[in-house]
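Shown next: model_1.txt, containing compact mmCIF, C-alpha atoms.
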```txt
# COMPACT_ATOMS: atom_id res chain seq x y z
CA MET Q 182 -3.16 -38.22 1.87
CA ASP Q 183 -5.49 -35.45 0.81
CA TYR Q 184 -5.98 -35.44 -2.95
CA ASN Q 185 -5.54 -31.67 -2.96
CA MET Q 186 -1.92 -32.13 -1.94
CA GLU Q 187 -1.14 -33.84 -5.23
CA SER Q 188 -1.32 -30.57 -7.16
CA ILE Q 189 1.45 -29.01 -5.09
CA ARG Q 190 3.57 -32.17 -5.31
CA GLU Q 191 3.32 -32.04 -9.09
CA LEU Q 192 4.26 -28.40 -9.03
CA ILE Q 193 7.42 -29.11 -7.02
CA LEU Q 194 8.28 -31.95 -9.42
CA ASN Q 195 8.22 -29.42 -12.25
CA TYR Q 196 11.18 -27.76 -10.57
CA ILE Q 197 13.24 -30.53 -8.89
CA GLU Q 198 13.49 -34.25 -8.13
CA LEU Q 199 11.73 -35.20 -4.92
CA ASP Q 200 11.83 -38.72 -3.43
CA GLU Q 201 9.19 -40.29 -1.18
CA ALA Q 202 10.94 -39.41 2.08
CA GLU Q 203 11.33 -35.79 0.99
CA TRP Q 204 7.69 -35.54 -0.03
CA GLU Q 205 6.69 -37.13 3.27
CA HIS Q 206 8.60 -34.37 5.07
CA CYS Q 207 6.95 -31.64 3.00
CA SER Q 208 3.41 -32.94 3.14
CA GLN Q 209 3.52 -33.24 6.93
CA MET Q 210 4.24 -29.53 7.14
CA LEU Q 211 1.59 -28.44 4.64
CA LYS Q 212 -1.87 -27.50 5.90
CA ILE Q 213 -5.17 -27.35 4.04
CA ASP Q 214 -7.16 -24.26 5.07
CA THR Q 215 -10.43 -22.72 3.99
CA ILE Q 216 -10.85 -18.98 3.72
CA ASN Q 217 -14.29 -17.44 3.61
CA LYS Q 218 -15.30 -14.98 0.93
CA LYS Q 219 -14.21 -11.42 1.89
CA GLU Q 220 -11.92 -12.71 4.67
CA ILE Q 221 -8.52 -11.00 4.86
CA VAL Q 222 -5.63 -13.43 5.48
CA LEU Q 223 -2.85 -10.86 5.37
CA PHE Q 224 -3.22 -7.29 6.61
CA GLN Q 225 -0.98 -4.59 5.15
CA ASN Q 226 1.96 -3.62 7.41
CA THR Q 227 2.06 -6.95 9.24
CA VAL Q 228 4.75 -9.59 8.63
CA CYS Q 229 3.60 -12.12 6.04
CA LYS Q 230 4.09 -15.55 7.61
CA ASN Q 231 2.54 -17.78 4.96
CA ILE Q 232 2.53 -18.59 1.29
CA TYR Q 233 -0.92 -19.63 0.06
CA PHE Q 234 -1.32 -22.08 -2.80
CA VAL Q 235 -4.85 -21.78 -4.18
CA VAL Q 236 -6.52 -25.18 -4.69
CA LYS Q 237 -9.96 -23.71 -5.41
CA GLY Q 238 -11.23 -20.14 -5.29
CA LEU Q 239 -9.62 -16.77 -5.74
CA LEU Q 240 -7.38 -14.45 -3.72
CA ARG Q 241 -6.76 -10.77 -4.37
CA THR Q 242 -3.51 -9.01 -3.45
CA TYR Q 243 -3.85 -5.25 -2.96
CA PHE Q 244 -2.50 -2.28 -1.04
CA ILE Q 245 -3.60 1.13 0.17
CA ASP Q 246 -1.32 3.84 -1.20
CA GLN Q 247 -0.14 6.95 0.66
CA ARG Q 248 -3.16 8.92 -0.51
CA GLY Q 249 -5.54 6.31 0.88
CA ASN Q 250 -6.44 4.79 -2.49
CA GLU Q 251 -6.80 1.02 -2.68
CA LYS Q 252 -4.90 -0.56 -5.58
CA THR Q 253 -5.35 -4.15 -6.73
CA PHE Q 254 -2.02 -5.67 -7.61
CA HIS Q 255 -2.65 -9.33 -8.44
CA PHE Q 256 -5.23 -12.11 -8.62
CA SER Q 257 -4.31 -15.66 -7.58
CA THR Q 258 -6.47 -18.27 -9.27
CA GLU Q 259 -6.36 -22.07 -8.98
CA ASN Q 260 -2.87 -23.64 -8.86
CA THR Q 261 -1.05 -20.37 -8.30
CA PHE Q 262 0.37 -18.69 -5.20
CA ALA Q 263 -0.45 -15.64 -3.13
CA THR Q 264 1.95 -14.05 -0.66
CA ASP Q 265 3.95 -10.91 0.00
CA TYR Q 266 7.19 -12.68 -0.84
CA GLU Q 267 9.47 -9.81 0.16
CA SER Q 268 7.83 -9.51 3.58
CA PHE Q 269 7.91 -13.31 3.93
CA LEU Q 270 11.61 -13.61 3.07
CA LYS Q 271 12.80 -10.56 5.01
CA ARG Q 272 10.31 -10.71 7.92
CA THR Q 273 9.48 -7.06 7.30
CA PRO Q 274 6.02 -5.42 7.40
CA SER Q 275 4.08 -6.29 4.27
CA HIS Q 276 3.41 -3.81 1.50
CA TYR Q 277 0.36 -5.82 0.42
CA ALA Q 278 -2.82 -7.27 1.92
CA ILE Q 279 -4.47 -10.49 0.73
CA GLN Q 280 -8.22 -11.12 0.70
CA ALA Q 281 -10.45 -13.95 -0.57
CA LEU Q 282 -12.91 -12.90 -3.28
CA GLU Q 283 -14.64 -16.31 -3.17
CA ASP Q 284 -14.79 -19.12 -0.62
CA THR Q 285 -11.29 -20.45 -1.12
CA ILE Q 286 -9.36 -23.63 -0.31
CA VAL Q 287 -5.61 -23.14 0.07
CA ILE Q 288 -2.54 -25.12 0.99
CA THR Q 289 -0.66 -23.04 3.55
CA ILE Q 290 3.14 -23.06 3.49
CA SER Q 291 4.59 -21.66 6.70
CA LEU Q 292 7.91 -19.93 7.34
CA GLU Q 293 9.09 -23.05 9.20
CA MET Q 294 8.43 -25.28 6.22
CA HIS Q 295 10.03 -22.81 3.86
CA GLU Q 296 13.21 -22.83 5.95
CA SER Q 297 13.35 -26.60 6.22
CA ILE Q 298 13.23 -26.87 2.42
CA TYR Q 299 16.84 -25.71 2.28
CA THR Q 300 18.09 -28.26 4.79
CA LYS Q 301 15.82 -31.28 4.22
CA LEU Q 302 15.58 -31.49 0.43
CA ARG Q 303 18.56 -32.45 -1.70
CA TYR Q 304 17.66 -29.79 -4.24
CA GLY Q 305 16.03 -27.33 -1.85
CA GLU Q 306 18.31 -24.42 -2.72
CA ARG Q 307 17.61 -24.99 -6.40
CA LEU Q 308 13.87 -25.01 -5.72
CA GLY Q 309 14.27 -21.72 -3.87
CA ARG Q 310 16.28 -20.25 -6.73
CA LEU Q 311 13.78 -21.31 -9.40
CA ILE Q 312 10.82 -20.00 -7.41
CA ALA Q 313 12.58 -16.66 -6.82
CA GLU Q 314 13.35 -16.49 -10.55
CA ASP Q 315 9.71 -17.19 -11.44
CA TYR Q 316 8.61 -14.52 -9.01
CA PHE Q 317 11.01 -12.14 -10.65
CA PHE Q 318 9.65 -13.01 -14.12
CA MET Q 319 6.08 -12.45 -12.92
CA ILE Q 320 6.83 -9.05 -11.50
CA ASN Q 321 8.97 -8.15 -14.52
CA ASP Q 322 5.90 -8.73 -16.71
CA LYS Q 323 4.00 -6.36 -14.47
CA ILE Q 324 6.68 -3.69 -14.88
CA LYS Q 325 6.65 -4.07 -18.66
CA ALA Q 326 2.85 -3.80 -18.70
CA LEU Q 327 2.79 -0.66 -16.54
CA TYR Q 328 5.60 1.05 -18.41
CA GLY Q 329 5.16 -0.04 -21.95
CA GLN Q 330 1.57 -1.09 -22.62
CA THR Q 331 -1.60 0.87 -23.30
CA PRO Q 332 -4.69 0.15 -21.13
CA LEU Q 333 -6.15 -1.90 -24.01
CA GLU Q 334 -2.98 -4.00 -24.23
CA ARG Q 335 -3.04 -4.52 -20.45
CA TYR Q 336 -6.70 -5.54 -20.69
CA ASN Q 337 -5.93 -8.11 -23.38
CA THR Q 338 -2.92 -9.47 -21.46
CA MET Q 339 -5.10 -9.85 -18.36
CA ASN Q 340 -7.73 -11.83 -20.26
CA LYS Q 341 -5.05 -14.14 -21.62
CA LYS Q 342 -3.40 -14.59 -18.22
CA PHE Q 343 -6.64 -15.01 -16.23
CA PRO Q 344 -9.29 -16.57 -18.48
CA LYS Q 345 -12.89 -15.91 -17.29
CA ILE Q 346 -11.64 -13.43 -14.69
CA LEU Q 347 -14.22 -10.86 -15.81
CA GLN Q 348 -17.07 -13.11 -14.68
CA ARG Q 349 -15.53 -13.74 -11.26
CA ILE Q 350 -14.35 -10.34 -10.10
CA PRO Q 351 -16.14 -7.03 -9.40
CA GLN Q 352 -15.43 -4.39 -12.04
CA HIS Q 353 -13.77 -1.87 -9.73
CA TYR Q 354 -11.08 -4.41 -8.75
CA ILE Q 355 -10.39 -5.13 -12.40
CA ALA Q 356 -10.14 -1.40 -13.17
CA SER Q 357 -7.78 -0.91 -10.24
CA TYR Q 358 -5.64 -3.89 -11.38
CA LEU Q 359 -5.34 -2.30 -14.82
CA ASN Q 360 -4.58 1.08 -13.25
CA ILE Q 361 -7.50 2.74 -15.05
CA THR Q 362 -10.92 4.14 -14.03
CA SER Q 363 -14.13 2.07 -14.10
CA VAL Q 364 -15.45 4.33 -16.86
CA HIS Q 365 -12.36 3.61 -18.93
CA LEU Q 366 -12.80 -0.14 -18.33
CA SER Q 367 -16.41 -0.01 -19.60
CA ARG Q 368 -15.19 1.65 -22.79
CA LEU Q 369 -12.54 -1.04 -23.29
CA LYS Q 370 -15.13 -3.80 -22.96
CA MET D 225 45.19 -10.71 -9.95
CA ASP D 226 43.62 -7.46 -11.03
CA TYR D 227 42.71 -5.33 -8.03
CA ASN D 228 39.31 -4.63 -9.59
CA MET D 229 38.40 -8.27 -9.14
CA GLU D 230 38.50 -7.90 -5.39
CA SER D 231 35.25 -5.93 -5.32
CA ILE D 232 33.32 -8.77 -6.95
CA ARG D 233 34.96 -11.35 -4.67
CA GLU D 234 33.83 -9.36 -1.64
CA LEU D 235 30.36 -9.16 -3.08
CA ILE D 236 30.15 -12.94 -3.48
CA LEU D 237 31.44 -13.36 0.08
CA ASN D 238 28.48 -11.28 1.27
CA TYR D 239 26.26 -14.09 0.00
CA ILE D 240 28.17 -17.37 0.49
CA GLU D 241 31.41 -18.99 1.64
CA LEU D 242 33.97 -19.26 -1.12
CA ASP D 243 37.32 -21.03 -0.74
CA GLU D 244 40.51 -20.28 -2.68
CA ALA D 245 39.96 -23.00 -5.29
CA GLU D 246 36.43 -21.80 -5.92
CA TRP D 247 37.53 -18.20 -6.27
CA GLU D 248 40.32 -19.34 -8.62
CA HIS D 249 37.68 -20.98 -10.80
CA CYS D 250 35.49 -17.86 -10.82
CA SER D 251 38.22 -15.33 -11.40
CA GLN D 252 39.56 -17.25 -14.42
CA MET D 253 36.17 -16.89 -16.08
CA LEU D 254 35.69 -13.20 -15.30
CA LYS D 255 36.82 -10.61 -17.82
CA ILE D 256 37.62 -6.94 -17.32
CA ASP D 257 36.24 -4.87 -20.19
CA THR D 258 36.07 -1.19 -21.01
CA ILE D 259 33.02 0.34 -22.64
CA ASN D 260 33.25 3.73 -24.28
CA LYS D 261 30.82 6.51 -23.48
CA LYS D 262 27.62 6.16 -25.60
CA GLU D 263 28.53 2.61 -26.63
CA ILE D 264 25.62 0.13 -26.54
CA VAL D 265 26.55 -3.27 -25.07
CA LEU D 266 23.11 -4.84 -25.32
CA PHE D 267 20.64 -4.11 -28.11
CA GLN D 268 16.93 -4.54 -27.44
CA ASN D 269 15.48 -7.78 -28.88
CA THR D 270 18.77 -9.66 -28.84
CA VAL D 271 19.61 -12.39 -26.31
CA CYS D 272 21.47 -10.93 -23.34
CA LYS D 273 24.62 -13.03 -22.92
CA ASN D 274 26.38 -11.14 -20.16
CA ILE D 275 25.97 -9.67 -16.72
CA TYR D 276 28.02 -6.50 -16.26
CA PHE D 277 29.40 -5.54 -12.87
CA VAL D 278 30.32 -1.85 -12.93
CA VAL D 279 33.78 -1.17 -11.46
CA LYS D 280 33.88 2.46 -12.60
CA GLY D 281 31.46 4.51 -14.69
CA LEU D 282 27.77 4.30 -15.37
CA LEU D 283 25.43 2.14 -17.46
CA ARG D 284 21.86 2.97 -18.41
CA THR D 285 19.19 0.31 -19.00
CA TYR D 286 16.32 1.42 -21.25
CA PHE D 287 13.79 0.25 -23.81
CA ILE D 288 11.78 1.59 -26.73
CA ASP D 289 8.05 1.06 -26.14
CA GLN D 290 5.48 0.10 -28.75
CA ARG D 291 4.83 3.74 -29.61
CA GLY D 292 8.51 4.36 -30.29
CA ASN D 293 9.19 6.23 -27.05
CA GLU D 294 12.47 5.55 -25.27
CA LYS D 295 12.05 4.85 -21.54
CA THR D 296 14.94 4.74 -19.07
CA PHE D 297 14.46 1.91 -16.62
CA HIS D 298 17.56 1.80 -14.44
CA PHE D 299 21.01 3.26 -13.79
CA SER D 300 23.90 1.00 -12.74
CA THR D 301 26.56 2.86 -10.78
CA GLU D 302 29.81 1.56 -9.24
CA ASN D 303 29.60 -1.89 -7.56
CA THR D 304 26.19 -2.74 -8.98
CA PHE D 305 25.06 -4.88 -11.91
CA ALA D 306 23.50 -4.28 -15.30
CA THR D 307 21.84 -7.00 -17.35
CA ASP D 308 18.49 -8.11 -18.75
CA TYR D 309 18.28 -10.95 -16.25
CA GLU D 310 15.13 -12.51 -17.71
CA SER D 311 16.64 -12.62 -21.20
CA PHE D 312 19.91 -13.92 -19.72
CA LEU D 313 18.25 -16.74 -17.75
CA LYS D 314 15.72 -17.76 -20.42
CA ARG D 315 17.84 -17.03 -23.51
CA THR D 316 14.94 -15.03 -24.94
CA PRO D 317 15.15 -11.70 -26.82
CA SER D 318 15.82 -8.87 -24.41
CA HIS D 319 13.21 -6.32 -23.44
CA TYR D 320 15.93 -3.84 -22.52
CA ALA D 321 19.02 -2.26 -24.07
CA ILE D 322 22.13 -1.23 -22.11
CA GLN D 323 24.33 1.76 -22.92
CA ALA D 324 27.32 3.41 -21.24
CA LEU D 325 26.73 7.04 -20.21
CA GLU D 326 30.41 7.47 -19.26
CA ASP D 327 33.61 5.64 -20.15
CA THR D 328 32.99 2.54 -18.05
CA ILE D 329 35.06 -0.35 -16.69
CA VAL D 330 33.09 -3.55 -16.10
CA ILE D 331 33.66 -7.12 -15.02
CA THR D 332 31.83 -9.30 -17.53
CA ILE D 333 30.12 -12.47 -16.31
CA SER D 334 29.26 -14.77 -19.20
CA LEU D 335 26.50 -17.37 -19.53
CA GLU D 336 29.17 -20.09 -19.29
CA MET D 337 30.45 -18.80 -15.99
CA HIS D 338 26.93 -18.37 -14.66
CA GLU D 339 26.15 -22.00 -15.43
CA SER D 340 29.35 -23.31 -13.91
CA ILE D 341 28.50 -21.54 -10.63
CA TYR D 342 25.85 -24.19 -9.95
CA THR D 343 28.20 -27.11 -10.50
CA LYS D 344 31.59 -25.80 -9.32
CA LEU D 345 30.74 -23.90 -6.15
CA ARG D 346 29.56 -25.72 -3.02
CA TYR D 347 26.96 -23.02 -2.39
CA GLY D 348 26.33 -22.07 -6.01
CA GLU D 349 22.60 -22.74 -5.94
CA ARG D 350 22.28 -20.63 -2.80
CA LEU D 351 24.19 -17.81 -4.48
CA GLY D 352 21.79 -18.05 -7.43
CA ARG D 353 18.79 -18.02 -5.10
CA LEU D 354 20.00 -14.99 -3.12
CA ILE D 355 20.83 -13.05 -6.29
CA ALA D 356 17.40 -13.85 -7.79
CA GLU D 357 15.78 -12.74 -4.53
CA ASP D 358 17.74 -9.47 -4.55
CA TYR D 359 16.71 -8.90 -8.15
CA PHE D 360 13.14 -9.50 -7.14
CA PHE D 361 13.42 -6.99 -4.25
CA MET D 362 14.92 -4.39 -6.58
CA ILE D 363 12.15 -4.72 -9.13
CA ASN D 364 9.53 -4.87 -6.38
CA ASP D 365 10.74 -1.44 -5.21
CA LYS D 366 10.26 -0.21 -8.74
CA ILE D 367 6.68 -1.51 -8.81
CA LYS D 368 5.89 0.14 -5.49
CA ALA D 369 7.36 3.43 -6.75
CA LEU D 370 5.39 3.37 -9.99
CA TYR D 371 2.11 2.36 -8.38
CA GLY D 372 2.17 4.06 -5.05
CA GLN D 373 4.48 7.10 -5.10
CA THR D 374 4.02 10.63 -6.39
CA PRO D 375 6.66 12.02 -8.81
CA LEU D 376 8.18 14.00 -5.91
CA GLU D 377 8.46 10.85 -3.81
CA ARG D 378 10.07 9.00 -6.73
CA TYR D 379 12.50 11.91 -7.17
CA ASN D 380 13.50 11.77 -3.49
CA THR D 381 13.88 7.99 -3.57
CA MET D 382 16.11 8.27 -6.64
CA ASN D 383 18.38 10.81 -4.95
CA LYS D 384 18.72 8.53 -1.95
CA LYS D 385 19.39 5.46 -4.08
CA PHE D 386 21.78 7.14 -6.53
CA PRO D 387 23.63 9.96 -4.75
CA LYS D 388 25.02 12.63 -7.12
CA ILE D 389 23.16 11.08 -10.06
CA LEU D 390 21.81 14.50 -11.10
CA GLN D 391 25.32 15.71 -11.85
CA ARG D 392 26.20 12.68 -13.95
CA ILE D 393 23.16 12.11 -16.13
CA PRO D 394 21.38 14.24 -18.78
CA GLN D 395 18.03 15.61 -17.58
CA HIS D 396 15.87 13.85 -20.15
CA TYR D 397 17.10 10.42 -18.99
CA ILE D 398 16.29 11.32 -15.39
CA ALA D 399 12.81 12.51 -16.37
CA SER D 400 12.22 9.31 -18.34
CA TYR D 401 13.43 7.20 -15.39
CA LEU D 402 10.92 8.99 -13.14
CA ASN D 403 8.21 8.58 -15.78
CA ILE D 404 7.58 12.34 -15.93
CA THR D 405 8.24 15.13 -18.46
CA SER D 406 11.41 17.27 -18.41
CA VAL D 407 9.27 20.30 -17.54
CA HIS D 408 7.84 18.45 -14.55
CA LEU D 409 11.39 17.49 -13.46
CA SER D 410 12.51 21.13 -13.56
CA ARG D 411 9.63 22.06 -11.30
CA LEU D 412 10.55 19.29 -8.83
CA LYS D 413 14.12 20.55 -8.62
```
Once more with this new file: its structure as structure tokens, please.
Amino acid sequence: MDYNMESIRELILNYIELDEAEWEHCSQMLKIDTINKKEIVLFQNTVCKNIYFVVKGLLRTYFIDQRGNEKTFHFSTENTFATDYESFLKRTPSHYAIQALEDTIVITISLEMHESIYTKLRYGERLGRLIAEDYFFMINDKIKALYGQTPLERYNTMNKKFPKILQRIPQHYIASYLNITSVHLSRLK
Amino acid sequence: MDYNMESIRELILNYIELDEAEWEHCSQMLKIDTINKKEIVLFQNTVCKNIYFVVKGLLRTYFIDQRGNEKTFHFSTENTFATDYESFLKRTPSHYAIQALEDTIVITISLEMHESIYTKLRYGERLGRLIAEDYFFMINDKIKALYGQTPLERYNTMNKKFPKILQRIPQHYIASYLNITSVHLSRLK
């Protein structure tokens, strides 16, 4: 078994019990993929058919708003996920696009695997519930930051949440993530 | 059985199968409460111990930001919920407060009932998953509105989502919900 798979097994074990047969079922459906720097793995307005678990590298989730401005929504660093979860769950056109900012190794979780979780794992529904709750908490933090924090507070939160992100990501993506201008970002630094 | 309970039973049936014994268990743990206009049922920074299902009336969810400004986050009209779900699930101090804007009748779902859902209902975990997913979709809409929509677009979305809300709610709460000034709101109207 690929050693990279172990990180996702451990992650599942944080949520639920998983016996050998169950893990066997999961690991057979997981795929290791490499994504080249600058490659786009999800285009906006297409149905998102995968969840990507970043083993090494960095993915950026972004969208183009109605005035044609590109907005960076999220960065997915090692051992975290990238997807448009609403599009994935509802099979609707995605609001977001996903692009690699570095050469990236991911574990790809397909729609088929996601569905089989609920039928093949004893605690599959619980896993789904806990992941949906975590997603909700993540996005709730984002809401609180946008509504209730100053740009400086958002900048500090980002540095805590993504250590060393400033060295890995072009400035204009960081500024867009913080919902401020590049000039404003320079002043904050 | 109180006729008001039927609306919440139907809502559960939208998500999962529920037999008579299961419904009996749920309905025994549900409480009908009345909340007077202007009464606050959840104070910010206290643990949120209830989910409120609005049978009649209107609840407002809001918070005071770090600069002392009150921001309206959400309105809960008939047949929808009000809670600080993150505080409720994690037992952490709430980010939000909840207040009645009209005399309101609610069905109160306690922490105890919420926990027993997972053990007493055959499809309790699935119910929890689907509710968490719906919560996530709701808050995802909010993110998209804040990031990607103009004030006019947010105003139109609000009118679609909450018909007749303008007649029921003071202007300054509406403006705060849209994240604009009262003057700006007057211009939009």
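Straight-line separation from CA of Ile331 (chain D) to CA of Trp247 (chain D): 14.6 Å.
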Nearest to chain Q by atom-to-atom distance, counting all atoms listed in the file, from D:Arg411, D:His396, D:His338, D:Lys314: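 Of D:Arg411, D:His396, D:His338, D:Lys314, the one nearest chain Q, counting all atoms listed in the file, is D:Lys314.
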Shell of 7 Å around region 285-292 of chain D, only C-alpha atoms, local chain residues under 3 positions omitted, as a list in words: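 Final neighbour list, sorted by chain and number: Gly329 of chain Q; Gln268, Lys295, Thr296, Phe297, His298, Phe299, His319, Tyr320, Ala321, Ile322 and Gln323 of chain D.
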Contact residues (chain Q, partner chain D, 8 Å, all atoms listed in the file) as a PyMOL selection string: chain Q and resi 246-247+267+306-307+309-311+313-314+316-318+320-321+323-324+329-330
Region 260-262 of chain Q environment, 6 Å, all atoms listed in the file, sequence neighbours closer than 2 positions dropped, as a PyMOL selection string: chain Q and resi 233-236+257-258
